[in-house]
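Asks: What follows is start24.cif; its format and atoms are mmCIF, C-alpha atoms.
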```
data_entry
loop_
_atom_site.label_atom_id
_atom_site.label_comp_id
_atom_site.auth_asym_id
_atom_site.auth_seq_id
_atom_site.Cartn_x
_atom_site.Cartn_y
_atom_site.Cartn_z
CA MET D 20 104.65 197.12 1.40
CA ASN D 21 106.02 200.31 -0.20
CA ASN D 22 102.58 201.04 -1.65
CA THR D 23 100.80 200.75 1.69
CA PRO D 24 99.04 204.07 2.48
CA ASN D 25 100.48 205.94 5.45
CA ALA D 26 97.04 205.82 7.03
CA ASN D 27 97.49 202.04 7.38
CA ARG D 28 100.99 202.22 8.85
CA LYS D 29 102.02 202.40 12.49
CA HIS D 30 103.37 205.90 13.18
CA ILE D 31 106.60 205.96 15.21
CA ALA D 32 107.70 209.43 16.34
CA ILE D 33 111.15 210.35 17.65
CA TYR D 34 111.37 213.06 20.32
CA GLY D 35 114.16 214.65 22.32
CA LYS D 36 116.18 217.82 22.79
CA ARG D 37 118.15 219.50 20.02
CA ASN D 38 121.35 217.72 19.10
CA ALA D 39 120.39 214.57 21.03
CA GLY D 40 120.94 212.57 17.87
CA LYS D 41 117.31 212.03 16.82
CA SER D 42 118.05 212.39 13.12
CA SER D 43 121.17 210.23 13.35
CA LEU D 44 119.16 207.56 15.13
CA LEU D 45 116.47 207.60 12.46
CA ASN D 46 119.10 207.32 9.72
CA ALA D 47 120.72 204.38 11.56
CA ILE D 48 117.38 202.58 12.03
CA ILE D 49 116.26 202.85 8.42
CA GLY D 50 119.74 202.57 6.89
CA GLN D 51 119.35 205.74 4.83
CA ASP D 52 120.40 209.38 5.22
CA ILE D 53 116.83 210.66 5.18
CA SER D 54 117.25 213.26 7.94
CA LEU D 55 119.81 216.06 7.80
CA VAL D 56 122.46 215.60 10.49
CA SER D 57 124.54 218.46 11.89
CA SER D 58 126.30 219.46 15.10
CA VAL D 59 124.35 222.73 14.91
CA LYS D 60 121.36 222.71 17.26
CA GLY D 61 117.94 222.95 15.63
CA THR D 62 118.85 221.46 12.24
CA THR D 63 115.48 219.67 12.06
CA THR D 64 112.90 222.44 11.80
CA ASP D 65 109.85 220.54 10.55
CA PRO D 66 108.80 216.94 11.15
CA VAL D 67 110.45 214.59 8.64
CA THR D 68 108.55 211.43 7.71
CA LYS D 69 109.85 208.24 6.16
CA ALA D 70 107.69 205.26 5.26
CA ILE D 71 109.54 201.93 5.41
CA GLU D 72 108.98 198.24 5.97
CA LEU D 73 110.16 197.23 9.42
CA ILE D 74 110.64 193.47 9.06
CA PRO D 75 108.90 191.39 10.38
CA LEU D 76 106.43 193.98 11.71
CA GLY D 77 105.45 195.39 8.35
CA PRO D 78 104.92 198.90 6.95
CA VAL D 79 105.50 201.80 9.36
CA VAL D 80 106.11 205.55 9.24
CA PHE D 81 108.96 207.11 11.20
CA ILE D 82 108.62 210.80 12.13
CA ASP D 83 111.69 212.83 13.11
CA THR D 84 110.64 215.90 15.11
CA ALA D 85 112.30 219.20 16.02
CA GLY D 86 114.00 219.53 19.41
CA ILE D 87 111.57 220.03 22.29
CA ASP D 88 113.96 222.59 23.83
CA ASP D 89 113.92 224.88 20.77
CA LYS D 90 113.96 228.57 21.65
CA GLY D 91 112.67 231.86 20.29
CA GLU D 92 109.48 232.67 18.42
CA LEU D 93 110.21 230.26 15.57
CA GLY D 94 111.48 227.64 17.99
CA GLU D 95 108.23 227.70 19.93
CA LEU D 96 106.31 227.19 16.68
CA ARG D 97 108.52 224.21 15.85
CA VAL D 98 107.91 222.68 19.28
CA LYS D 99 104.18 223.23 18.88
CA LYS D 100 104.25 221.47 15.52
CA SER D 101 106.27 218.60 16.99
CA LEU D 102 103.82 218.16 19.85
CA LYS D 103 100.91 218.07 17.39
CA ILE D 104 102.49 214.94 15.91
CA LEU D 105 101.56 213.19 19.18
CA GLN D 106 97.96 213.14 18.01
CA ARG D 107 98.83 210.56 15.34
CA THR D 108 101.68 208.74 17.10
CA ASP D 109 101.22 205.01 17.76
CA PHE D 110 104.64 204.57 19.39
CA ALA D 111 107.27 207.06 20.56
CA ILE D 112 111.03 207.03 21.03
CA TYR D 113 112.56 209.57 23.41
CA VAL D 114 116.23 210.18 22.60
CA THR D 115 118.68 211.89 24.93
CA ASP D 116 122.41 212.59 24.71
CA ILE D 117 124.16 210.69 27.51
CA LYS D 118 126.13 213.87 28.28
CA ASP D 119 123.03 216.07 28.32
CA ILE D 120 120.31 214.32 30.29
CA GLU D 121 117.97 217.04 31.50
CA ASP D 122 115.12 215.70 33.63
CA SER D 123 112.55 218.47 33.14
CA TYR D 124 112.24 218.07 29.36
CA TYR D 125 112.27 214.30 29.68
CA LYS D 126 109.57 214.21 32.36
CA GLU D 127 107.38 216.70 30.51
CA THR D 128 107.60 214.71 27.26
CA ILE D 129 106.85 211.41 29.01
CA MET D 130 103.78 213.05 30.54
CA ASN D 131 102.67 214.02 27.03
CA PHE D 132 103.14 210.42 25.89
CA LYS D 133 100.93 209.26 28.73
CA LYS D 134 98.38 211.99 28.00
CA TYR D 135 97.88 210.53 24.52
CA ASN D 136 98.20 206.90 25.68
CA ILE D 137 101.36 206.41 23.63
CA PRO D 138 103.70 203.52 24.54
CA TYR D 139 107.34 204.58 24.37
CA ILE D 140 111.00 203.62 24.65
CA THR D 141 113.74 205.77 26.19
CA VAL D 142 116.98 205.73 24.18
CA ILE D 143 120.26 207.01 25.61
CA ASN D 144 122.44 208.00 22.65
CA LYS D 145 126.15 208.72 22.10
CA ILE D 146 127.43 206.04 24.49
CA ASP D 147 130.66 206.04 22.50
CA THR D 148 131.50 209.46 23.97
CA VAL D 149 131.71 208.48 27.66
CA THR D 150 133.70 206.14 29.85
CA GLU D 151 132.37 202.80 31.05
CA GLU D 152 132.09 204.24 34.55
CA VAL D 153 129.78 207.05 33.39
CA LEU D 154 127.83 204.58 31.31
CA GLU D 155 127.17 202.39 34.34
CA GLN D 156 126.08 205.38 36.41
CA VAL D 157 123.49 206.34 33.81
CA ARG D 158 122.38 202.72 33.41
CA SER D 159 121.60 202.58 37.13
CA LYS D 160 119.31 205.60 36.76
CA PHE D 161 117.57 204.58 33.52
CA LYS D 162 117.12 200.84 34.03
CA ASP D 163 114.56 200.43 31.23
CA ALA D 164 116.38 202.58 28.67
CA ILE D 165 118.19 201.28 25.60
CA PHE D 166 121.77 202.52 25.22
CA VAL D 167 123.03 203.12 21.69
CA SER D 168 125.52 204.93 19.54
CA ALA D 169 123.73 206.09 16.42
CA LEU D 170 127.04 207.27 14.94
CA LYS D 171 128.68 203.84 15.26
CA GLU D 172 125.37 201.97 14.90
CA GLU D 173 125.98 200.22 18.20
CA ASN D 174 122.90 198.38 19.60
CA ILE D 175 120.71 199.64 16.74
CA LEU D 176 119.61 196.12 15.78
CA PHE D 177 118.73 195.45 19.40
CA LEU D 178 116.70 198.67 19.50
CA LYS D 179 114.82 197.61 16.36
CA ASP D 180 114.05 194.20 17.87
CA VAL D 181 112.67 195.78 21.04
CA LEU D 182 110.69 198.31 19.02
CA ILE D 183 109.09 195.59 16.90
CA LYS D 184 108.26 193.47 19.94
CA ARG D 185 106.68 196.38 21.80
CA ILE D 186 104.51 197.39 18.84
CA GLN D 187 103.45 193.79 18.24
CA GLU D 188 102.42 193.54 21.89
CA ASP D 189 100.12 196.49 21.27
CA GLY D 190 98.03 194.20 19.06
CA GLU D 191 97.16 193.91 15.40
CA GLU D 192 94.63 196.14 13.70
CA LYS D 193 91.18 194.64 13.42
CA PRO D 194 89.81 193.89 9.95
CA ILE D 195 87.34 196.16 8.21
CA ILE D 196 84.81 193.43 7.53
CA GLY D 197 86.58 190.10 8.04
CA ASP D 198 85.24 189.65 11.57
CA LEU D 199 81.67 190.48 10.57
CA LEU D 200 81.13 187.93 7.82
CA ARG D 201 81.99 184.26 7.56
CA TYR D 202 84.44 182.78 5.07
CA ASP D 203 82.98 182.50 1.53
CA SER D 204 80.38 185.24 2.12
CA LYS D 205 79.31 187.51 -0.74
CA VAL D 206 79.59 191.30 -0.63
CA VAL D 207 78.37 193.67 -3.33
CA MET D 208 80.06 197.08 -3.29
CA VAL D 209 78.20 199.99 -4.87
CA VAL D 210 80.51 202.64 -6.33
CA PRO D 211 78.68 205.54 -8.03
CA ILE D 212 80.66 207.35 -10.69
CA ASP D 213 80.03 211.10 -10.41
CA SER D 214 82.11 214.27 -10.60
CA GLU D 215 83.67 213.47 -7.20
CA ALA D 216 84.97 210.08 -8.35
CA PRO D 217 88.70 210.23 -9.26
CA LYS D 218 89.31 209.58 -12.95
CA GLY D 219 90.72 206.15 -13.76
CA ARG D 220 90.62 204.72 -10.23
CA ILE D 221 88.46 204.06 -7.19
CA ILE D 222 88.96 205.71 -3.83
CA LEU D 223 90.97 204.31 -0.93
CA PRO D 224 88.12 202.94 1.27
CA GLN D 225 86.85 200.91 -1.67
CA VAL D 226 90.31 199.55 -2.43
CA GLN D 227 90.90 198.68 1.21
CA LEU D 228 87.59 196.88 1.57
CA ILE D 229 88.29 194.80 -1.53
CA ARG D 230 91.67 193.83 -0.05
CA ASP D 231 90.10 193.01 3.32
CA CYS D 232 87.62 190.72 1.57
CA LEU D 233 90.47 188.98 -0.26
CA ASP D 234 92.41 188.54 2.98
CA ASN D 235 89.43 186.92 4.68
CA GLY D 236 88.11 184.73 1.86
CA ILE D 237 85.05 186.88 1.21
CA LYS D 238 83.81 187.19 -2.37
CA SER D 239 83.43 190.81 -3.47
CA TYR D 240 81.61 192.27 -6.46
CA VAL D 241 81.90 195.92 -7.52
CA VAL D 242 79.11 197.68 -9.45
CA ARG D 243 77.75 201.13 -10.06
CA ASP D 244 74.41 202.06 -8.52
CA THR D 245 72.92 201.99 -12.03
CA GLU D 246 73.76 198.28 -12.38
CA LEU D 247 72.95 197.23 -8.81
CA GLN D 248 69.49 195.91 -9.57
CA SER D 249 70.68 193.55 -12.31
CA ALA D 250 73.70 192.54 -10.22
CA LEU D 251 71.45 191.39 -7.37
CA GLU D 252 69.48 189.34 -9.89
CA ASP D 253 72.71 187.74 -11.17
CA ILE D 254 74.32 187.06 -7.77
CA LYS D 255 72.45 184.71 -5.46
CA ASP D 256 72.57 184.70 -1.64
CA VAL D 257 74.25 188.07 -1.17
CA ASP D 258 75.21 188.59 2.48
CA LEU D 259 75.89 192.33 2.46
CA VAL D 260 75.69 195.38 0.22
CA VAL D 261 78.13 198.20 0.95
CA THR D 262 77.41 201.51 -0.72
CA ASP D 263 78.93 204.93 -1.04
CA SER D 264 77.00 207.05 1.47
CA GLN D 265 75.87 209.49 -1.21
CA ALA D 266 73.81 206.73 -2.85
CA PHE D 267 72.31 205.46 0.42
CA LYS D 268 68.70 206.40 -0.34
CA ARG D 269 68.62 204.99 -3.86
CA VAL D 270 70.49 201.81 -2.88
CA ASN D 271 68.19 201.24 0.09
CA GLU D 272 65.22 201.23 -2.28
CA ILE D 273 66.88 198.65 -4.54
CA VAL D 274 68.30 196.19 -1.99
CA PRO D 275 65.73 193.65 -0.64
CA ARG D 276 65.11 193.91 3.09
CA ASP D 277 66.49 190.43 3.76
CA ILE D 278 69.96 191.56 2.56
CA LYS D 279 71.98 193.60 5.04
CA LEU D 280 73.09 197.07 3.95
CA THR D 281 75.72 199.51 5.18
CA SER D 282 78.19 202.05 3.80
CA PHE D 283 81.94 202.35 3.37
CA SER D 284 81.93 205.30 5.75
CA ILE D 285 80.09 203.41 8.50
CA LEU D 286 82.50 200.49 8.17
CA PHE D 287 85.36 202.96 8.55
CA ALA D 288 83.63 204.58 11.52
CA ARG D 289 84.16 201.27 13.28
CA TYR D 290 87.54 200.44 11.71
CA LYS D 291 89.20 203.80 12.35
CA GLY D 292 87.17 205.13 15.28
CA GLU D 293 84.38 204.24 17.70
CA LEU D 294 81.06 203.52 16.00
CA GLY D 295 79.16 203.77 19.29
CA VAL D 296 80.39 207.32 19.86
CA PHE D 297 79.38 208.35 16.34
CA LEU D 298 75.91 206.87 16.85
CA ASP D 299 75.55 208.79 20.12
CA GLY D 300 76.59 211.96 18.30
CA ILE D 301 73.48 211.81 16.16
CA SER D 302 71.37 212.70 19.20
CA LYS D 303 72.66 216.29 19.03
CA ILE D 304 70.91 216.96 15.71
CA LYS D 305 67.48 217.43 17.28
CA ASP D 306 68.89 220.20 19.49
CA LEU D 307 70.50 222.26 16.73
CA ASN D 308 69.23 225.82 16.28
CA GLU D 309 69.98 229.01 14.34
CA ASN D 310 73.00 229.72 16.55
CA SER D 311 74.50 226.24 16.26
CA LYS D 312 77.95 225.89 14.75
CA ILE D 313 79.14 222.68 13.12
CA LEU D 314 82.67 221.57 12.20
CA ILE D 315 83.07 219.44 9.08
CA SER D 316 86.43 217.64 9.30
CA GLU D 317 87.90 215.95 6.21
CA SER D 318 91.03 213.81 6.47
CA CYS D 319 92.13 214.39 2.87
CA THR D 320 92.72 217.43 0.70
CA HIS D 321 91.04 217.60 -2.68
CA ASN D 322 89.36 219.97 -5.11
CA HIS D 323 85.69 220.61 -4.47
CA SER D 324 82.73 220.52 -6.83
CA HIS D 325 79.00 221.14 -6.67
CA GLU D 326 78.62 217.47 -5.65
CA ASP D 327 81.12 217.57 -2.76
CA ILE D 328 79.72 215.52 0.09
CA GLY D 329 81.34 217.39 2.98
CA ARG D 330 81.13 220.98 1.82
CA VAL D 331 77.91 220.92 -0.18
CA LYS D 332 75.64 217.94 0.34
CA ILE D 333 75.85 217.46 4.11
CA PRO D 334 75.30 221.17 4.96
CA MET D 335 72.40 221.32 2.51
CA MET D 336 70.77 218.16 3.89
CA LEU D 337 71.23 219.21 7.52
CA ARG D 338 69.72 222.64 6.91
CA GLU D 339 66.79 221.02 5.13
CA HIS D 340 66.36 218.40 7.88
CA THR D 341 66.46 220.89 10.77
CA GLY D 342 64.86 223.84 9.01
CA LYS D 343 67.63 225.98 10.50
CA ASN D 344 70.27 228.18 8.88
CA LEU D 345 73.14 226.32 10.52
CA LYS D 346 76.70 227.66 10.49
CA PHE D 347 79.55 225.46 9.21
CA ASP D 348 83.34 225.52 9.43
CA PHE D 349 85.56 223.23 7.34
CA LYS D 350 88.97 221.76 8.20
CA MET D 351 91.12 219.41 6.14
CA GLY D 352 93.95 216.95 6.72
CA HIS D 353 95.69 217.27 10.09
CA ASP D 354 94.33 220.78 10.59
CA PHE D 355 91.98 219.87 13.45
CA PRO D 356 91.20 222.84 15.79
CA GLU D 357 92.84 222.97 19.20
CA ASP D 358 89.74 224.71 20.57
CA ILE D 359 86.43 223.08 19.66
CA SER D 360 84.38 224.61 22.47
CA GLU D 361 82.57 226.87 20.00
CA TYR D 362 81.11 223.88 18.12
CA ASP D 363 77.87 222.06 18.85
CA LEU D 364 78.71 219.11 16.63
CA VAL D 365 81.71 217.68 14.77
CA ILE D 366 81.03 215.69 11.60
CA HIS D 367 84.05 213.69 10.46
CA CYS D 368 84.69 211.92 7.18
CA GLY D 369 85.46 208.20 7.04
CA ALA D 370 89.10 208.96 7.97
CA CYS D 371 90.63 206.75 5.29
CA MET D 372 93.60 209.14 4.91
CA VAL D 373 94.58 209.31 8.59
CA ASN D 374 95.61 206.51 10.93
CA ARG D 375 93.38 205.10 13.66
CA LYS D 376 95.41 206.86 16.35
CA THR D 377 94.54 210.24 14.85
CA MET D 378 90.85 209.41 14.81
CA LEU D 379 90.85 208.06 18.38
CA THR D 380 92.67 211.20 19.56
CA ARG D 381 90.04 213.42 17.97
CA ILE D 382 87.22 211.37 19.47
CA ASP D 383 88.81 211.57 22.90
CA PHE D 384 89.30 215.32 22.45
CA CYS D 385 85.60 215.73 21.66
CA LYS D 386 84.63 213.63 24.68
CA LYS D 387 86.76 215.73 27.03
CA ASN D 388 85.26 218.92 25.62
CA LYS D 389 81.74 217.48 25.71
CA VAL D 390 81.23 218.06 22.00
CA ASN D 391 79.25 215.44 20.08
CA ILE D 392 80.98 213.84 17.11
CA THR D 393 79.62 211.68 14.30
CA ASN D 394 80.74 210.74 10.80
CA TYR D 395 79.54 211.16 7.24
CA GLY D 396 78.07 207.69 6.79
CA VAL D 397 76.25 207.58 10.13
CA LEU D 398 74.82 211.06 9.54
CA LEU D 399 73.66 210.35 5.98
CA ALA D 400 72.04 207.08 7.06
CA HIS D 401 70.20 208.99 9.80
CA LEU D 402 69.07 211.77 7.46
CA THR D 403 67.75 209.25 4.94
CA GLY D 404 65.90 207.29 7.64
CA ILE D 405 67.87 204.05 7.30
CA LEU D 406 70.33 204.21 10.18
CA ASP D 407 68.83 201.21 12.00
CA ARG D 408 69.15 199.07 8.89
CA SER D 409 72.68 200.26 8.14
CA ILE D 410 74.04 199.10 11.52
CA GLU D 411 72.31 195.68 11.67
CA ILE D 412 75.51 194.01 10.43
CA PHE D 413 77.30 195.12 13.62
CA ASN D 414 74.73 193.51 15.95
CA ILE D 415 74.44 196.73 17.95
#
```
Could I get this structure in the form of structure tokens?
Replies:
Amino acid sequence: MNNTPNANRKHIAIYGKRNAGKSSLLNAIIGQDISLVSSVKGTTTDPVTKAIELIPLGPVVFIDTAGIDDKGELGELRVKKSLKILQRTDFAIYVTDIKDIEDSYYKETIMNFKKYNIPYITVINKIDTVTEEVLEQVRSKFKDAIFVSALKEENILFLKDVLIKRIQEDGEEKPIIGDLLRYDSKVVMVVPIDSEAPKGRIILPQVQLIRDCLDNGIKSYVVRDTELQSALEDIKDVDLVVTDSQAFKRVNEIVPRDIKLTSFSILFARYKGELGVFLDGISKIKDLNENSKILISESCTHNHSHEDIGRVKIPMMLREHTGKNLKFDFKMGHDFPEDISEYDLVIHCGACMVNRKTMLTRIDFCKKNKVNITNYGVLLAHLTGILDRSIEIFNI
């Protein structure tokens, strides 16, 4: 569980005013002093993350944010950073001091939760500081809230139980491939080894697909593109070949037509996002012109080489395909622009390093701004003329 990537964990963010006890609550929930606690308002200046196993739910990430009532120039920046966390939040906890319940901040934050379709729990903290009479008055106003004392760890176990139940009700993540192939199927994964391949290991999407195959009783075989031909001769009745998108054209020529073919990136387009939206995004390519501007969005940060798929190969292939000198911007990690109105198309990576909530938020943002979005694998399949074949496995 401790080795589970954060991208595969439910993200639980804690919001509230300064000195409401957000950090104390997080420390009480996880049983560690991970967040700095002080009576001074504004102690938490940047979001603090902690990955833990929340039994029996599984691996999650808690995010402690700065107070939403922070003031001044720096305070406004902190609030802005805290609100950006909403884009990757699967579940939220709003914490308020029972002696400092201020409706305007609470209502505004709840509206933000609803804006991003985030389920939430309201937690009234510091119940040890008031009389039973005051406690009952507040209970009558916040009937669905959970009342705790983070300092004395009162009702913390109950809060954790409710939190787990609510997240479980939200449903389990769908498999990457387990619902596409029957038990005992055979999958050949093609992993080219070039200058972009990390030394001594394979990249996260490949690792995750292998694990998904193991979880669902699907036999997986991993080969380089240079050994694919002989592998297909050795392995009989292969059900699917999954390739790195950069080798799409070569692999398509090797794999017999009766064997289905797709890419890691296309599988992740479905697993982390909405494959249908990415397929629709391809339609924008025919309309691109010399004034078109394209955003390339990568979920991870890494050094770049002459073989980099996002910064080198995709721009080169798109310019060659359209015959236009297209303009490109590049963003990495969680640095997704707040204003995308200047872009004609967004091309996103497979999103293996961000959670599904982040990807769905970005897709929804593009929809609202009427900007087409697609992903690396879908685009490369289109540019190599094999998109129809690469999505046959999905029965679209």
Asks: Which residues come within 12 Å of range 47-49 of chain D, counting all atoms listed in the file, excluding same-chain residues fewer than 5 positions away, as number ranges by chain?
Replies: D: 31, 33, 40-42, 54, 56, 68-74, 79-83, 112, 144, 167-180, 182-183
Asks: Which residue, D:Pro78, D:Pro66, D:Pro211, D:Gly94, has the smallest gap to Ala266 in chain D when you use only C-alpha atoms?
Replies: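 Smallest distance to Ala266 in chain D is found for D:Pro211.
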Asks: Quote the spacing between CA of Gly197 in chain D and CA of Phe267 in chain D in Å to one decimal place.
Replies: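 CA of Phe267 in chain D lies at a distance of 22.3 Å from CA of Gly197 in chain D.
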Asks: Which is closest to Gly292 in chain D among D:Arg330, D:Arg97, D:Arg269, D:Arg381, if we use all atoms listed in the file?
Replies: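 Among the listed residues, the smallest separation from Gly292 in chain D belongs to D:Arg381.
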Asks: Once the PyMOL selection byres ((chain D and resi 286) around 12) is applied to the coordinates I shared, what remains selected? I want it as a PyMOL selection string.
Replies: chain D and resi 193-199+224-225+227-228+231+259-264+280-285+287-294+297+368-371+394-397+409-413
Asks: Residues within 10 Å of Ile313 in chain D, please, as JSON, numbers by chain. Count all atoms listed in the file; anything in the same chain fewer than 2 positions from it doesn't count.
Replies: {"D": [307, 310, 311, 315, 316, 334, 345, 346, 347, 348, 349, 359, 361, 362, 363, 364, 365, 366, 392]}
Asks: So how far away is CA of Lys118 in chain D from CA of Ile146 in chain D, in Å?
Replies: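 So the two atoms, CA of Ile146 in chain D and CA of Lys118 in chain D, lie 8.8 Å apart.
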Asks: As an exercise, work out the distance from CA of Asn344 in chain D to CA of Ile301 in chain D in Å and give it to one decimal place.
Replies: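 Between these atoms lies a distance of 18.2 Å.
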